[in-house]
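Coordinates as given in run02.txt (compact mmCIF, C-alpha atoms and all ligand atoms):
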# COMPACT_ATOMS: atom_id res chain seq x y z
CA MET A 68 0.00 0.00 0.00
CA SER A 69 1.38 3.44 -0.88
CA MET A 70 2.23 6.06 1.77
CA LYS A 71 -0.34 8.40 0.32
CA LEU A 72 -3.11 5.92 0.84
CA LEU A 73 -1.95 5.20 4.35
CA LYS A 74 -2.05 8.88 5.22
CA TYR A 75 -5.56 9.21 3.92
CA GLU A 76 -6.60 6.14 5.85
CA ASN A 77 -5.27 7.74 9.01
CA HIS A 78 -7.27 10.79 8.07
CA LEU A 79 -10.36 8.73 7.89
CA ASP A 80 -9.76 7.77 11.49
CA LEU A 81 -9.01 11.24 12.87
CA ASN A 82 -12.61 11.75 13.93
CA SER A 83 -12.96 8.43 15.72
CA MET A 84 -9.51 7.48 17.05
CA LYS A 85 -9.42 6.69 20.77
CA GLU A 86 -5.63 6.91 21.04
CA LEU A 87 -2.97 8.96 19.38
CA PRO A 88 -1.04 6.81 16.90
CA ASP A 89 2.74 7.13 17.16
CA SER A 90 2.88 8.72 13.72
CA TYR A 91 0.96 11.71 15.18
CA ALA A 92 2.87 11.99 18.47
CA TRP A 93 5.06 15.11 18.52
CA SER A 94 7.23 14.51 21.57
CA SER A 95 8.48 18.08 21.79
CA VAL A 96 5.16 19.94 21.77
CA ASP A 97 4.85 20.40 25.53
CA ASP A 98 8.50 21.44 25.97
CA ASP A 99 7.58 24.86 24.72
CA SER A 100 4.12 25.25 26.12
CA PRO A 101 2.50 28.67 25.82
CA THR A 102 3.27 31.46 28.19
CA SER A 103 0.15 33.38 27.26
CA CYS A 104 -1.23 33.66 30.80
CA SER A 105 1.59 35.93 31.88
CA SER A 106 2.21 37.75 28.63
CA GLU A 107 0.66 40.78 27.02
CA PRO A 108 -2.31 39.92 24.78
CA VAL A 109 -2.21 40.07 20.99
CA PRO A 110 -3.46 43.58 20.02
CA VAL A 111 -7.16 43.97 19.18
CA ILE A 112 -7.79 46.95 16.91
CA ASN A 113 -11.08 48.69 16.23
CA LEU A 114 -10.87 49.68 12.57
CA GLU A 115 -13.33 52.53 13.16
CA ASP A 116 -10.98 54.12 15.67
CA PRO A 117 -9.42 57.31 14.23
CA ASN A 118 -6.05 56.03 15.48
CA ALA A 119 -6.38 52.70 13.69
CA MET A 120 -3.48 53.36 11.30
CA MET A 121 -1.04 54.05 14.09
CA GLN A 122 -2.24 51.02 16.04
CA VAL A 123 -2.00 48.76 13.01
CA GLY A 124 1.55 49.98 12.33
CA HIS A 125 2.57 49.42 15.94
CA ALA A 126 1.06 45.92 15.96
CA CYS A 127 2.85 44.99 12.71
CA LYS A 128 6.15 46.23 14.08
CA THR A 129 5.95 44.66 17.53
CA TRP A 130 3.87 41.52 16.90
CA GLY A 131 3.33 40.75 13.21
CA VAL A 132 -0.23 39.83 14.13
CA PHE A 133 -3.35 41.55 15.46
CA GLN A 134 -7.10 41.06 15.61
CA VAL A 135 -9.54 43.48 14.00
CA MET A 136 -13.06 44.48 15.02
CA ASN A 137 -15.56 46.69 13.19
CA HIS A 138 -13.91 45.47 10.02
CA GLY A 139 -17.04 45.73 7.89
CA VAL A 140 -17.44 42.03 7.06
CA PRO A 141 -21.03 41.08 7.97
CA MET A 142 -21.33 38.50 10.73
CA MET A 143 -23.61 36.48 8.51
CA VAL A 144 -20.88 36.07 5.89
CA LEU A 145 -18.51 34.74 8.56
CA ASP A 146 -21.14 32.40 10.00
CA GLU A 147 -22.10 31.05 6.59
CA MET A 148 -18.47 30.41 5.70
CA GLU A 149 -18.03 28.52 8.96
CA ALA A 150 -21.15 26.45 8.37
CA SER A 151 -20.03 25.61 4.83
CA GLY A 152 -16.60 24.60 6.08
CA ARG A 153 -18.17 22.30 8.65
CA LYS A 154 -20.41 20.78 6.04
CA LEU A 155 -17.46 20.12 3.79
CA PHE A 156 -15.28 18.46 6.42
CA SER A 157 -18.14 16.34 7.75
CA LEU A 158 -18.55 14.64 4.36
CA PRO A 159 -17.41 10.99 4.25
CA ILE A 160 -13.72 10.67 3.46
CA GLN A 161 -14.39 8.98 0.12
CA GLN A 162 -16.42 11.99 -0.93
CA LYS A 163 -13.73 14.44 0.13
CA LEU A 164 -11.15 12.41 -1.75
CA GLN A 165 -13.09 13.05 -4.94
CA ALA A 166 -11.66 16.53 -4.64
CA ALA A 167 -8.21 15.48 -3.41
CA ARG A 168 -5.32 17.79 -4.13
CA PRO A 169 -3.23 16.24 -6.93
CA VAL A 170 0.29 15.22 -5.89
CA ASP A 171 1.81 18.11 -7.84
CA GLY A 172 -1.10 20.51 -7.35
CA VAL A 173 -2.01 23.24 -4.89
CA SER A 174 -5.78 23.22 -4.63
CA GLY A 175 -8.11 20.60 -3.23
CA TYR A 176 -8.49 18.42 -0.15
CA GLY A 177 -5.54 16.97 1.74
CA VAL A 178 -2.99 17.09 4.53
CA ALA A 179 -1.11 20.35 5.20
CA ARG A 180 1.29 21.06 2.35
CA ILE A 181 4.13 21.58 4.83
CA SER A 182 3.74 18.01 6.15
CA SER A 183 6.70 16.77 4.13
CA PHE A 184 9.07 18.91 6.21
CA PHE A 185 8.14 17.17 9.46
CA PRO A 186 8.69 13.63 10.71
CA LYS A 187 5.24 13.42 12.30
CA LEU A 188 1.75 13.87 10.90
CA MET A 189 -0.49 16.80 11.79
CA TRP A 190 -3.89 16.41 13.41
CA SER A 191 -5.76 18.31 10.72
CA GLU A 192 -7.20 18.23 7.26
CA GLY A 193 -7.21 21.10 4.81
CA PHE A 194 -9.01 22.32 1.74
CA THR A 195 -7.34 24.85 -0.54
CA ILE A 196 -9.41 26.85 -3.02
CA ILE A 197 -7.68 28.90 -5.70
CA GLY A 198 -9.83 30.72 -8.22
CA SER A 199 -13.27 29.30 -8.79
CA PRO A 200 -14.62 26.76 -6.30
CA TYR A 201 -16.97 25.20 -8.90
CA GLU A 202 -14.80 22.34 -10.03
CA HIS A 203 -14.20 21.07 -6.50
CA ALA A 204 -17.73 21.70 -5.31
CA GLN A 205 -19.21 19.74 -8.21
CA LYS A 206 -17.13 16.74 -7.19
CA LEU A 207 -18.15 17.05 -3.55
CA TRP A 208 -21.85 17.72 -4.05
CA PRO A 209 -22.76 16.66 -7.60
CA HIS A 210 -26.40 17.63 -7.03
CA GLY A 211 -26.17 20.70 -4.84
CA TYR A 212 -22.99 22.68 -5.12
CA THR A 213 -24.32 26.15 -5.86
CA HIS A 214 -24.80 27.26 -2.26
CA PHE A 215 -21.20 26.37 -1.33
CA CYS A 216 -19.94 28.30 -4.35
CA GLU A 217 -22.04 31.34 -3.51
CA VAL A 218 -20.77 31.36 0.06
CA ILE A 219 -17.14 31.14 -1.10
CA GLU A 220 -17.56 33.91 -3.67
CA GLU A 221 -19.28 36.20 -1.19
CA TYR A 222 -16.57 35.51 1.41
CA LYS A 223 -13.81 36.28 -1.10
CA LYS A 224 -15.53 39.52 -2.09
CA GLU A 225 -15.77 40.70 1.51
CA MET A 226 -12.19 39.65 2.25
CA ASN A 227 -10.94 41.54 -0.80
CA THR A 228 -12.58 44.73 0.45
CA LEU A 229 -11.09 44.22 3.91
CA VAL A 230 -7.63 43.36 2.61
CA ASN A 231 -7.61 46.64 0.63
CA LYS A 232 -8.55 48.56 3.76
CA LEU A 233 -5.85 46.78 5.78
CA MET A 234 -3.14 47.12 3.15
CA TRP A 235 -3.65 50.90 2.93
CA LEU A 236 -3.64 51.25 6.71
CA ILE A 237 -0.42 49.24 6.90
CA LEU A 238 1.22 51.01 3.97
CA GLY A 239 0.03 54.37 5.34
CA SER A 240 1.66 53.55 8.66
CA LEU A 241 4.94 53.19 6.74
CA GLY A 242 4.44 56.56 4.99
CA ILE A 243 3.57 54.89 1.70
CA THR A 244 0.91 56.43 -0.53
CA LYS A 245 -1.05 55.20 -3.55
CA GLY A 246 1.49 56.44 -6.12
CA ASP A 247 4.19 54.28 -4.53
CA ILE A 248 2.41 51.01 -5.25
CA LYS A 249 2.71 49.77 -8.80
CA TRP A 250 -0.19 47.39 -8.58
CA ALA A 251 -2.74 49.95 -7.33
CA GLY A 252 -5.43 51.01 -9.79
CA PRO A 253 -6.51 54.64 -10.45
CA THR A 254 -8.96 54.71 -7.53
CA GLY A 255 -6.50 53.09 -5.18
CA GLU A 256 -7.87 49.59 -5.43
CA LEU A 257 -5.13 47.00 -5.21
CA LYS A 258 -5.25 44.81 -8.30
CA GLU A 259 -6.39 41.46 -7.16
CA ALA A 260 -3.92 38.67 -7.09
CA CYS A 261 -5.57 35.32 -7.37
CA PRO A 262 -6.70 34.94 -3.78
CA VAL A 263 -6.25 31.66 -1.98
CA LEU A 264 -8.74 30.35 0.54
CA GLN A 265 -7.50 27.73 2.98
CA LEU A 266 -10.06 25.87 5.09
CA ASN A 267 -8.55 24.01 8.05
CA SER A 268 -10.29 21.39 10.18
CA TYR A 269 -8.89 20.15 13.49
CA PRO A 270 -10.98 17.29 14.91
CA ALA A 271 -11.11 16.75 18.69
CA CYS A 272 -8.01 14.79 19.69
CA PRO A 273 -7.62 12.06 22.34
CA ASP A 274 -4.12 13.24 23.35
CA PRO A 275 -3.90 16.94 22.49
CA ASP A 276 -0.73 17.63 24.48
CA ARG A 277 1.29 15.42 22.18
CA ALA A 278 -0.43 16.33 18.93
CA MET A 279 0.10 19.22 16.52
CA GLY A 280 -2.71 20.69 14.42
CA LEU A 281 -0.59 22.73 12.04
CA ALA A 282 3.17 23.02 12.62
CA ALA A 283 4.91 26.37 13.07
CA HIS A 284 5.25 28.36 9.87
CA THR A 285 5.04 31.84 8.44
CA ASP A 286 2.63 32.55 5.57
CA SER A 287 4.06 33.23 2.10
CA THR A 288 1.71 36.18 1.64
CA LEU A 289 1.53 39.92 2.01
CA LEU A 290 -1.28 39.49 4.54
CA THR A 291 -3.43 36.63 5.77
CA ILE A 292 -6.88 37.21 7.23
CA LEU A 293 -7.94 34.34 9.46
CA HIS A 294 -11.37 33.51 10.77
CA GLN A 295 -11.26 31.01 13.64
CA ASN A 296 -14.35 29.49 15.19
CA ASN A 297 -15.00 29.79 18.92
CA THR A 298 -12.31 27.23 19.80
CA SER A 299 -8.81 28.43 20.61
CA GLY A 300 -5.76 26.80 19.08
CA LEU A 301 -3.91 29.49 17.16
CA GLN A 302 -0.61 30.49 18.76
CA VAL A 303 1.95 33.03 17.64
CA GLN A 304 5.56 33.21 18.62
CA ARG A 305 6.78 36.42 20.16
CA GLU A 306 10.43 37.14 20.69
CA GLY A 307 11.35 37.04 24.35
CA THR A 308 7.96 35.63 25.37
CA GLY A 309 7.37 32.36 23.53
CA TRP A 310 4.08 31.01 22.23
CA VAL A 311 1.06 33.25 22.85
CA THR A 312 -2.50 32.07 22.23
CA VAL A 313 -4.68 34.26 20.00
CA PRO A 314 -8.04 33.96 21.75
CA PRO A 315 -11.11 33.67 19.53
CA ILE A 316 -13.31 36.77 19.78
CA ARG A 317 -16.71 36.45 18.18
CA GLY A 318 -16.83 38.54 15.03
CA ALA A 319 -13.15 39.51 15.15
CA LEU A 320 -10.65 38.47 12.46
CA VAL A 321 -6.96 37.71 12.89
CA VAL A 322 -4.48 39.44 10.58
CA ASN A 323 -1.00 37.95 10.05
CA VAL A 324 1.94 39.71 8.45
CA GLY A 325 3.29 37.39 5.75
CA ASP A 326 6.78 36.99 4.30
CA LEU A 327 6.10 39.25 1.30
CA LEU A 328 5.11 42.18 3.54
CA HIS A 329 8.28 41.48 5.49
CA ILE A 330 10.19 41.92 2.22
CA LEU A 331 8.15 44.93 1.03
CA SER A 332 8.70 46.73 4.35
CA ASN A 333 12.42 45.87 4.26
CA GLY A 334 12.03 43.90 7.45
CA LEU A 335 10.33 46.71 9.41
CA TYR A 336 7.24 44.52 9.77
CA SER A 337 8.17 40.91 10.46
CA SER A 338 6.17 37.93 9.31
CA VAL A 339 4.83 36.06 12.31
CA LEU A 340 5.64 32.44 13.15
CA HIS A 341 2.42 30.68 14.11
CA ARG A 342 0.96 27.22 14.66
CA ALA A 343 -2.36 25.60 15.52
CA MET A 344 -2.85 23.35 18.53
CA VAL A 345 -5.72 20.92 18.99
CA ASN A 346 -7.93 20.09 21.93
CA ARG A 347 -9.61 17.11 23.54
CA THR A 348 -13.27 17.90 23.16
CA GLN A 349 -13.96 20.43 20.46
CA HIS A 350 -13.64 20.37 16.73
CA ARG A 351 -11.84 23.49 15.56
CA LEU A 352 -12.27 25.15 12.19
CA SER A 353 -10.38 28.03 10.62
CA VAL A 354 -10.58 29.80 7.28
CA ALA A 355 -7.55 31.69 5.98
CA TYR A 356 -7.69 34.22 3.16
CA LEU A 357 -4.17 34.38 1.79
CA TYR A 358 -3.48 37.63 0.00
CA GLY A 359 -0.54 38.13 -2.33
CA PRO A 360 0.38 40.53 -5.16
CA PRO A 361 -0.71 39.99 -8.79
CA SER A 362 1.45 37.37 -10.48
CA ASN A 363 3.47 39.74 -12.66
CA VAL A 364 4.50 42.00 -9.77
CA ARG A 365 7.95 41.62 -8.30
CA ILE A 366 8.01 42.45 -4.62
CA SER A 367 11.08 44.18 -3.24
CA PRO A 368 11.72 46.64 -0.40
CA LEU A 369 9.85 49.89 -1.09
CA SER A 370 12.31 52.54 -2.25
CA LYS A 371 10.86 55.11 0.20
CA LEU A 372 12.03 52.84 3.01
CA THR A 373 15.60 52.46 1.83
CA ASP A 374 18.60 54.78 1.65
CA SER A 375 22.34 54.43 2.02
CA CYS A 376 21.96 53.76 5.75
CA HIS A 377 19.10 51.34 5.16
CA PRO A 378 19.96 49.34 2.06
CA PRO A 379 17.39 46.97 0.60
CA LEU A 380 17.70 43.69 2.45
CA TYR A 381 15.83 41.51 -0.06
CA ARG A 382 15.99 40.94 -3.79
CA PRO A 383 12.85 41.30 -5.95
CA VAL A 384 10.66 38.22 -6.07
CA THR A 385 7.24 37.41 -7.53
CA TRP A 386 4.63 35.58 -5.45
CA SER A 387 4.96 32.41 -7.47
CA GLU A 388 8.77 32.47 -7.33
CA TYR A 389 8.55 32.84 -3.59
CA LEU A 390 6.02 30.01 -3.25
CA GLY A 391 8.37 27.81 -5.28
CA THR A 392 11.29 28.63 -2.95
CA LYS A 393 9.07 28.00 0.07
CA ALA A 394 7.90 24.67 -1.30
CA ILE A 395 11.50 23.48 -1.47
CA HIS A 396 13.22 25.28 1.39
CA PHE A 397 10.28 25.97 3.76
CA ASN A 398 11.43 28.14 6.67
CA LYS A 399 14.72 29.06 4.99
CA ALA A 400 12.89 30.76 2.09
CA LEU A 401 13.04 34.29 3.51
CA SER A 402 16.76 34.12 4.20
CA LEU A 403 17.29 32.77 0.69
CA VAL A 404 15.95 35.98 -0.86
CA ARG A 405 17.91 38.13 1.56
CA LEU A 406 20.69 40.25 0.06
CA CYS A 407 22.67 41.78 2.86
CA ALA A 408 24.27 41.03 6.16
CA ARG A 409 21.94 40.37 9.05
CA ARG A 410 21.69 43.06 11.70
CA ASN A 411 23.85 40.99 14.01
CA GLY A 412 26.62 41.15 11.45
CA PHE A 413 26.48 37.56 10.21
CA VAL A 414 25.79 36.65 6.65
CA ASP A 415 23.25 33.91 6.18
CA VAL A 416 25.06 30.77 5.14
CA ASN A 417 22.35 30.02 2.59
CA ASP A 418 22.70 33.34 0.91
CA HIS A 419 25.14 33.14 -1.97
CA ASN A 420 24.42 36.69 -3.15
CA SER A 421 25.43 38.30 0.11
CA VAL A 422 27.16 41.63 0.24
CA LEU A 423 28.48 42.84 3.55
CA VAL A 424 27.40 46.35 4.43
CA GLY A 425 28.16 48.84 7.19
C1 LIG B 501 -0.59 30.39 -1.72
C2 LIG B 501 -0.18 29.46 -0.88
C3 LIG B 501 0.27 29.73 0.51
C4 LIG B 501 0.32 28.35 1.11
C5 LIG B 501 0.80 27.53 -0.05
C6 LIG B 501 -0.13 28.01 -1.17
C7 LIG B 501 -1.52 27.37 -0.97
C8 LIG B 501 -1.83 27.06 0.49
C9 LIG B 501 -1.12 27.93 1.54
C10 LIG B 501 -0.94 27.20 2.87
C11 LIG B 501 -2.15 27.26 3.79
C12 LIG B 501 -1.82 26.51 5.11
C13 LIG B 501 -0.44 26.86 5.66
C14 LIG B 501 0.62 26.87 4.55
C15 LIG B 501 2.00 27.09 5.14
C16 LIG B 501 0.46 25.63 3.71
O1 LIG B 501 1.03 24.58 3.89
O2 LIG B 501 -0.46 25.87 2.72
C17 LIG B 501 0.23 27.90 3.52
C18 LIG B 501 1.19 28.16 2.36
C19 LIG B 501 2.15 29.29 2.63
O3 LIG B 501 1.73 30.36 3.12
O4 LIG B 501 3.33 29.11 2.36
O1 LIG B 502 -5.91 27.26 12.06
C1 LIG B 502 -5.26 28.24 12.37
O2 LIG B 502 -5.52 28.96 13.33
C2 LIG B 502 -4.03 28.61 11.56
C3 LIG B 502 -4.17 28.34 10.10
C4 LIG B 502 -3.00 28.82 9.33
O3 LIG B 502 -1.99 29.21 9.87
C5 LIG B 502 -3.03 28.82 7.85
O4 LIG B 502 -4.00 28.34 7.24
O5 LIG B 502 -2.05 29.33 7.25
FE FE B 503 -0.65 30.21 8.49
Give the structure from the file, written as structure tokens.
Amino acid sequence: MSMKLLKYENHLDLNSMKELPDSYAWSSVDDDSPTSCSSEPVPVINLEDPNAMMQVGHACKTWGVFQVMNHGVPMMVLDEMEASGRKLFSLPIQQKLQAARPVDGVSGYGVARISSFFPKLMWSEGFTIIGSPYEHAQKLWPHGYTHFCEVIEEYKKEMNTLVNKLMWLILGSLGITKGDIKWAGPTGELKEACPVLQLNSYPACPDPDRAMGLAAHTDSTLLTILHQNNTSGLQVQREGTGWVTVPPIRGALVVNVGDLLHILSNGLYSSVLHRAMVNRTQHRLSVAYLYGPPSNVRISPLSKLTDSCHPPLYRPVTWSEYLGTKAIHFNKALSLVRLCARRNGFVDVNDHNSVLVG
């Protein structure tokens, strides 16, 4: 029997397993348990606050993650997305496998793409939608796919509006205006890259302290907007503190700084390392809207943010080039597009284009 089939068989069992199989036991998970009780909470920003831009900038600089309220996305759109996600993941495994992600593909049903970089399996299943959801939905619900498609399209529309709002707040906080962004249209709308929607399902787990829902990673995006249901599990790593839980707040959305915003801001705003934990009794669901630049745009540090004292730290890269690097090198991808010496004076060993400065 092939490994792929075995993995999917294990998946089939995730919802009913009474014990954690060894292949899912991450021995080191509780060595670095969260310190969230004692630490400062992840910032929660009211987007209607006149000071929102300053707060967003501060959160990007000091955390790389924040939650937003009064973001303009109707509660009903969030609830319907959640219900549709639940419906999808509660289908029988054979049905879900009709829409399985091809071995060399990106969209469809399957285990986390980053699984291959880890020796143990993750306690989760994912569904990636790129472009139109019709093809997948038709395979999942041959006789009733239109509602799912409508929900996805509506969700993407709302997320696109919000991502525009957030991008301009973030760029504004860096002193960047519309004329500085090549991929902004005449009325300031950011030309839409093909957005990616990632649905994640984390079934209740018999031994949550030894399991991992989604292993630590940064997103290969400019921004990610995450909707989590009422079950906690998302944790972010903060320098000097450790893992901090991002508590679910009804109606709020989590915003992550991704690697491409890290590059665009010349490292002023750092992409955030995050992971998802699982729990013993509740099924957890999350929906990530992954926002990147249009495919022909090369992202490099904004010239307004660089001068002779602050040279560009990264070389230009398109979203798809970066995804390709990430798919091969995973968490070394960002240092592989880095040009200059690190602030601590060392040159990254992976970086063959390094120039020492200062
Ligand atoms: C556009 C993207 C961004 C991807 C790859 C591709 C499609 C799915 C995205 C995710 C979603 C889940 C976490 C992640 C780490 C994963 O494994 O798949 C993400 C990855 C990335 O941000 O690198
Ligand atoms: O489920 C979560 O809270 C995290 C999901 C995530 O990090 C992702 O989809 O990229
Ligand atoms: Fe993520």
Q: Give as a PyMOL selection string the residues surrounding ligand LIG 501 (chain B) up to a distance of 10 Å, considering all atoms listed in the file.
A: chain A and resi 172-175+178-183+193-197+261-267+281-291+325-326+341-342+354-359+386-387+389-394+397-398+400
Q: Have a look at A:Ser157, A:Gln295, A:Thr373, A:Gln122 and name the one nearest to ligand FE 503 (chain B); count all atoms listed in the file.
A: A:Gln295
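Minimum distance to A:Pro88 across A:Ile237, A:Ala119, A:Ile219, A:Arg277 (counting only C-alpha atoms) occurs at A:Arg277.
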**Q.** Residue nearest A:Asp247 - candidates A:Pro314, A:Pro275, A:Pro368, A:Gly211, atoms counted: only C-alpha atoms
**A.**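 Once distances to A:Asp247 are computed over only C-alpha atoms, the minimum belongs to A:Pro368.
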Q: Can you work out the spacing between atom CA of A:Met121 and atom CA of A:Asn296 in Å, to one decimal?
A: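 It comes out at 28.0 Å.
Nearest-residue note for A:Leu293: choosing from A:Leu229, A:Leu257, A:Ile330, A:Ile366, the minimum distance belongs to A:Leu229, counting only C-alpha atoms.
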Q: Work out how far apart atom CA of A:Phe185 and atom CA of A:Ala343 are and give it in Å to one decimal.
A: 14.8 Å
Q | Atomic separation - atom CA of A:Gly139 relative to atom CA of A:Val123, Å | A | 16.2 Å
